[in-house]
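Structure record follows, encoded as structure tokens.
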Amino acid sequence: MTDGTPSLGHVPGTFRQAVLLSRYQFRDYLRSRRFVLMMAIVAIIGAILTFVLLYYNGAGLTGSSDAFYGTFWAGGVTVVIIFAGIIFGGDAIAGEFQNKTGYFLMGLPIRRNSVYVGKFLAAFTASLLSVLFYLVILLANGAYWFGGAALSVALFESFAIALLYLLALLGAVFLFSSMFKNSPYAVLVVAVLFLFGFSIIQALISGLVKVEPWFIITYAQNVISYPFLSSIPAHMETVKAPGPRGASITSYNPTYAEGLAIMGGYFVLTAVAGLLLFEREEFT
Amino acid sequence: MSPSLEARQLTRRFGAFTALDHLNLQVEGSKCIGFLGPNGAGKTTALKMFTDLIFPTSGEAFINGVSVQQERKRALGACGTLIETPEIYSSLSPREALELVGALRGMRPEEIRSRTTEVLEEVKMADWADKKVGRFSKGMKQRINIASALLSDPEVVLLDEPSTGLDPRGMAEVRDIVRGLKKGRRLIFMSSHILSEVIDVCDEVALLNHGKLLFHDTLSNVEKRLTGGATSVDLAFMGPVGDDTVTSQVAPLPGVVSIARVDATRLTLTIQGGPTVQSGILERLAAARLGLLSFEPSRSALEEVYLQEISKGDS
Ligand SMILES: Nc1ncnc2c1ncn2[C@@H]1O[C@H](COP(=O)(O)OP(=O)(O)OP(=O)(O)O)[C@@H](O)[C@H]1O
Ligand SMILES: [Mg+2]
């Protein structure tokens, strides 16, 4: 014990602390069973995809590398992102209350914002690893069927949009996570909403009420496939059910700009709301 | 500037229930303050407001003159805290957890390394420095939490029942640690249920009941408060003492209010009066040659005052 000295250390800035915290949080993720689980999910999706392509002759099945990525990358990565969000983000904030790890951190000279952002960065990095793992599986398949043509500008574009989608989704998941102080409950609500809740609401709203569901995050996810399409799907399609009294079913597709705006908007709004909420939360 | 803590009209309600009621408390300088009170008195509630874990309904808390509510980061910079029993990310080792604490506090890497070794030695966890915290027992985790509170060698230390979950040797070690802390220019504020621990290491006590501060005084003044009240004394004899001996020789002594028999060789006396009366009784008992083996107060002065004050408030 060094006698008579004032406390050691010169407390770093808010963002610096967030980055420092995220490193240890990420290390915790890497060593956790949930990380193994997430990688296993990606591996299983990848294995099924590889098997289907081999069985049906990948080149013939999809025709071109753009069609290949449009179908398998864009289709699969949203699933990977949603799972990553649930697994890494679902209890990120709720767990701090439920598991009492928050008491360890919050007694330190650190702003609540730094804790929130630090945990977000860690969850984002862990999710990014699973997205990259999925990408590697796809690139291997793409190279096998289409050779060097597999890498395209469209793929980079789509990858960038996928990252924006990941940000938006994690933002929303973190907001939900800080609304509940109970981890299993937070994970359950997030899983139900993102795996099918939002899709059902989206179908109901567009199909029956005939309103474009621009306010639902999962509605924007189609945009990830747009870079591979020669023409972007019609903004609104109405299909009339057969028969004289058949109701008409309307479905919507976001425009490119709209999809990006929804993702960006979701990220910004949920991040701000989550930060404000966490700022007011008590460790009782 | 010497280290200080201050609560100004600090109040917290949970719904209609007032857990802490206008606490005004000011302590300054290098000393250790014991924060006492029965279960549910509001000690943890007060300490949580000192660390910004919860927010006051009204009032404010200051560490070294800095408002915790307005500038949590600056206020807690000079302060090591242990509130309730925090959990540490289970996949980290104590060394990594302390590294995180040191980094967030802005300590230099070599400072973190040397202090980590020091504090882990101090809480007797050096052998466990690189094992995963997830497998630790409650007491082992509590030791790491204590180490975390001390890592930055803080000027102000806030501890909420630091001995919780520790074995008897662990409790003794906590006392040693706190005594060691007192060597520096340091203010220690510690809630506790263990009066002997408080007597052992604290200079002042603050007593809380039903969210209200009953008194805040030095330990030596607490003893002076006792005069006038009834105290109880335990007597032990070498052999059995008969009821007639008790009635004829003990009961008539001046100051004895009542006598309770514990067993054949032990009695408990209730005495009205201060030290003079007590010493008079002891001398007469010894002179009576009844085989008196020991004569000691059943409770410490602090315990007496504690019970008196608490019961005053409850009646
Ligand atoms: N989140 C909460 N909601 C409702 N009441 C609460 C809450 N937290 C504390 N209380 C109440 O406030 C009172 C004070 O609790 P506190 O934990 O501060 O007591 P304490 O003095 O630390 O007790 P102990 O010695 O048992 O630790 C208790 O009656 C408790 O029930
Ligand atoms: Mg308590």
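To be explicit about the labels: the chains of the structure tokens are called A, B, and onward in the order shown, and within each one the residues are counted from 1, while ligands get numbers from 1 in the order they are shown.
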Just need the residues of chain B within 8 Å of chain A, counting only C-alpha atoms, so spit them out as a ChimeraX atom specification. /B:51-55,72-92,100-108,118,145,152-155,180-181,183-186
For Ala273 of chain A: contacts at 10 Å, only C-alpha atoms, fewer than 5 positions along chain excluded, given as a count of residues only: 9
Find the residues near ligand 2. Use a cut-off of 9 Å, count only C-alpha atoms and all ligand atoms, and write them as a PyMOL selection string. chain B and resi 39-45+47+83-84+160-161+191-192
Which is closest to Glu303 of chain B among B:Glu223, B:Glu204, B:Asp217, B:Glu122, if we use only C-alpha atoms?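 Result for the nearest residue to Glu303 of chain B: B:Glu223.
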Name the residues in contact with segment 1-13 of chain B at a cut-off of 6 Å, using only C-alpha atoms, excluding same-chain residues fewer than 4 positions from it; report them as a list in words. Phe17, Thr18, Ala19, Leu20, Asp21, His22, Leu23, Asn24, Leu25, Gln26, Val27, Glu28, Gly29, Pro56, Thr57, Ser58, Gly59, Glu60, Ala61, Phe62, Ile63, Asn64 and Leu187 of chain B
Selected residues, N, CA and C atoms, written as an mmCIF file, in the first residue's frame, please.
```cif
data_model
loop_
_atom_site.group_PDB
_atom_site.id
_atom_site.type_symbol
_atom_site.label_atom_id
_atom_site.label_comp_id
_atom_site.auth_asym_id
_atom_site.auth_seq_id
_atom_site.Cartn_x
_atom_site.Cartn_y
_atom_site.Cartn_z
ATOM 1 N N PHE B 17 -43.071 4.207 0.183
ATOM 2 C CA PHE B 17 -42.151 3.845 1.259
ATOM 3 C C PHE B 17 -40.874 4.687 1.195
ATOM 4 N N THR B 18 -40.513 5.275 2.327
ATOM 5 C CA THR B 18 -39.292 6.084 2.359
ATOM 6 C C THR B 18 -38.132 5.249 2.886
ATOM 7 N N ALA B 19 -37.231 4.878 1.993
ATOM 8 C CA ALA B 19 -36.104 4.019 2.393
ATOM 9 C C ALA B 19 -35.006 4.841 3.056
ATOM 10 N N LEU B 20 -34.859 6.093 2.616
ATOM 11 C CA LEU B 20 -33.870 6.973 3.231
ATOM 12 C C LEU B 20 -34.507 8.359 3.340
ATOM 13 N N ASP B 21 -34.454 8.900 4.557
ATOM 14 C CA ASP B 21 -35.240 10.084 4.849
ATOM 15 C C ASP B 21 -34.339 11.271 5.201
ATOM 16 N N HIS B 22 -34.144 12.169 4.273
ATOM 17 C CA HIS B 22 -33.368 13.378 4.511
ATOM 18 C C HIS B 22 -32.089 13.147 5.296
ATOM 19 N N LEU B 23 -31.241 12.311 4.745
ATOM 20 C CA LEU B 23 -29.965 12.036 5.406
ATOM 21 C C LEU B 23 -29.020 13.225 5.221
ATOM 22 N N ASN B 24 -28.594 13.765 6.350
ATOM 23 C CA ASN B 24 -27.554 14.790 6.337
ATOM 24 C C ASN B 24 -26.363 14.244 7.095
ATOM 25 N N LEU B 25 -25.252 14.119 6.393
ATOM 26 C CA LEU B 25 -24.092 13.512 7.014
ATOM 27 C C LEU B 25 -22.874 14.109 6.353
ATOM 28 N N GLN B 26 -21.920 14.523 7.171
ATOM 29 C CA GLN B 26 -20.707 15.089 6.598
ATOM 30 C C GLN B 26 -19.508 14.487 7.313
ATOM 31 N N VAL B 27 -18.629 13.880 6.574
ATOM 32 C CA VAL B 27 -17.417 13.336 7.179
ATOM 33 C C VAL B 27 -16.220 13.777 6.358
ATOM 34 N N GLU B 28 -15.138 14.040 7.060
ATOM 35 C CA GLU B 28 -13.980 14.566 6.371
ATOM 36 C C GLU B 28 -12.714 14.111 7.087
ATOM 37 N N GLY B 29 -11.667 13.886 6.318
ATOM 38 C CA GLY B 29 -10.377 13.535 6.915
ATOM 39 C C GLY B 29 -10.076 12.062 6.801
ATOM 40 N N PRO B 56 -31.453 9.750 -6.190
ATOM 41 C CA PRO B 56 -32.223 10.250 -5.053
ATOM 42 C C PRO B 56 -33.580 10.797 -5.507
ATOM 43 N N THR B 57 -34.558 10.655 -4.645
ATOM 44 C CA THR B 57 -35.836 11.318 -4.893
ATOM 45 C C THR B 57 -35.621 12.823 -4.713
ATOM 46 N N SER B 58 -34.808 13.138 -3.703
ATOM 47 C CA SER B 58 -34.362 14.522 -3.547
ATOM 48 C C SER B 58 -33.041 14.509 -2.785
ATOM 49 N N GLY B 59 -32.375 15.631 -2.788
ATOM 50 C CA GLY B 59 -31.086 15.709 -2.109
ATOM 51 C C GLY B 59 -29.940 15.316 -3.017
ATOM 52 N N GLU B 60 -28.749 15.337 -2.458
ATOM 53 C CA GLU B 60 -27.565 15.137 -3.278
ATOM 54 C C GLU B 60 -26.447 14.501 -2.442
ATOM 55 N N ALA B 61 -25.556 13.798 -3.129
ATOM 56 C CA ALA B 61 -24.415 13.189 -2.439
ATOM 57 C C ALA B 61 -23.125 13.721 -3.049
ATOM 58 N N PHE B 62 -22.144 13.969 -2.203
ATOM 59 C CA PHE B 62 -20.871 14.528 -2.670
ATOM 60 C C PHE B 62 -19.703 13.662 -2.236
ATOM 61 N N ILE B 63 -18.751 13.460 -3.145
ATOM 62 C CA ILE B 63 -17.491 12.816 -2.787
ATOM 63 C C ILE B 63 -16.389 13.828 -3.066
ATOM 64 N N ASN B 64 -15.600 14.126 -2.073
ATOM 65 C CA ASN B 64 -14.572 15.175 -2.193
ATOM 66 C C ASN B 64 -15.156 16.469 -2.762
ATOM 67 N N LEU B 187 -10.226 8.121 3.540
ATOM 68 C CA LEU B 187 -11.510 8.106 4.230
ATOM 69 C C LEU B 187 -12.215 6.798 3.881
#
```
So which residues of segment 29-188 of chain B fall under strand (DSSP E or B) by DSSP, listed as a ChimeraX atom specification? /B:31-36,58-63,66-67,79-82,156-160,187-188
For Thr218 of chain A, find every residue with an atom within 10 Å (counting only C-alpha atoms), except residues of its own chain fewer than 3 positions away, and show them as a VMD selection string. chain A and resid 78 82 165 168 to 169 193 to 199 202 213 to 215 221 to 222 259 262 to 263
Would you compute the distance between atom CA of Leu132 of chain A and atom CA of Trp145 of chain A? Give it in Å to one decimal.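 According to the coordinates, atom CA of Leu132 of chain A and atom CA of Trp145 of chain A are separated by 19.8 Å.
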As a PyMOL selection string, please: every residue in segment 128-252 of chain B that DSSP puts in helix (DSSP H, G or I). chain B and resi 128+133-135+138-150+168-181+195-201+219-224+243-250
Keeping only C-alpha atoms, take the residues you just selected and write them out as a short mmCIF file (atom, residue, chain, number, x, y, z; two decimals), in the first residue's frame.
```cif
data_model
loop_
_atom_site.label_atom_id
_atom_site.label_comp_id
_atom_site.auth_asym_id
_atom_site.auth_seq_id
_atom_site.Cartn_x
_atom_site.Cartn_y
_atom_site.Cartn_z
CA TRP B 128 -6.03 -17.76 -8.16
CA VAL B 133 -13.89 -16.15 -11.91
CA GLY B 134 -16.96 -18.11 -12.99
CA ARG B 135 -15.92 -21.08 -10.86
CA LYS B 138 -19.05 -16.44 -3.13
CA GLY B 139 -16.32 -15.57 -0.64
CA MET B 140 -13.61 -15.77 -3.28
CA LYS B 141 -15.57 -13.43 -5.55
CA GLN B 142 -16.03 -11.04 -2.66
CA ARG B 143 -12.27 -10.97 -2.15
CA ILE B 144 -11.80 -10.05 -5.80
CA ASN B 145 -14.42 -7.33 -5.38
CA ILE B 146 -12.48 -5.94 -2.43
CA ALA B 147 -9.29 -6.08 -4.51
CA SER B 148 -11.08 -4.18 -7.27
CA ALA B 149 -12.18 -1.46 -4.85
CA LEU B 150 -8.60 -0.99 -3.65
CA PRO B 168 -14.12 -16.21 9.96
CA ARG B 169 -10.55 -15.95 8.76
CA GLY B 170 -11.71 -13.90 5.78
CA MET B 171 -13.50 -11.52 8.17
CA ALA B 172 -10.35 -11.12 10.21
CA GLU B 173 -8.44 -10.44 7.01
CA VAL B 174 -10.90 -7.74 6.00
CA ARG B 175 -10.25 -6.06 9.33
CA ASP B 176 -6.54 -6.20 8.68
CA ILE B 177 -7.04 -4.76 5.21
CA VAL B 178 -9.17 -1.90 6.51
CA ARG B 179 -6.66 -1.23 9.28
CA GLY B 180 -3.94 -1.18 6.63
CA LEU B 181 -5.95 1.28 4.57
CA LEU B 195 -20.32 -4.43 15.86
CA SER B 196 -17.06 -6.00 16.94
CA GLU B 197 -15.66 -5.29 13.48
CA VAL B 198 -16.75 -1.67 13.75
CA ILE B 199 -15.28 -1.30 17.25
CA ASP B 200 -12.11 -2.86 15.96
CA VAL B 201 -11.46 -0.68 12.95
CA LEU B 219 -16.62 5.78 19.07
CA SER B 220 -15.24 7.23 22.29
CA ASN B 221 -18.22 9.55 22.65
CA VAL B 222 -20.55 6.62 22.18
CA GLU B 223 -19.26 5.13 25.43
CA LYS B 224 -20.09 8.33 27.28
CA ASP B 243 -30.52 -19.60 44.98
CA ASP B 244 -30.29 -18.61 48.65
CA THR B 245 -26.73 -17.35 48.15
CA VAL B 246 -27.92 -15.28 45.22
CA THR B 247 -30.82 -13.85 47.19
CA SER B 248 -28.78 -13.10 50.28
CA GLN B 249 -25.42 -12.02 48.81
CA VAL B 250 -25.93 -10.78 45.25
#
```
Provide the atom CA of Gln69 of chain B to atom CA of Met49 of chain B distance in Å, to one decimal place. 8.1 Å
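Considering only C-alpha atoms and all ligand atoms, the residue among B:Pro275, B:Pro162, B:Gly65, B:Gly242 positioned nearest to ligand 1 is B:Pro162.
With only C-alpha atoms and all ligand atoms as the atoms that count, the minimum distance from ligand 1 to the choices B:Pro94, B:Val123, B:Cys202, B:Leu208 is reached by B:Leu208.
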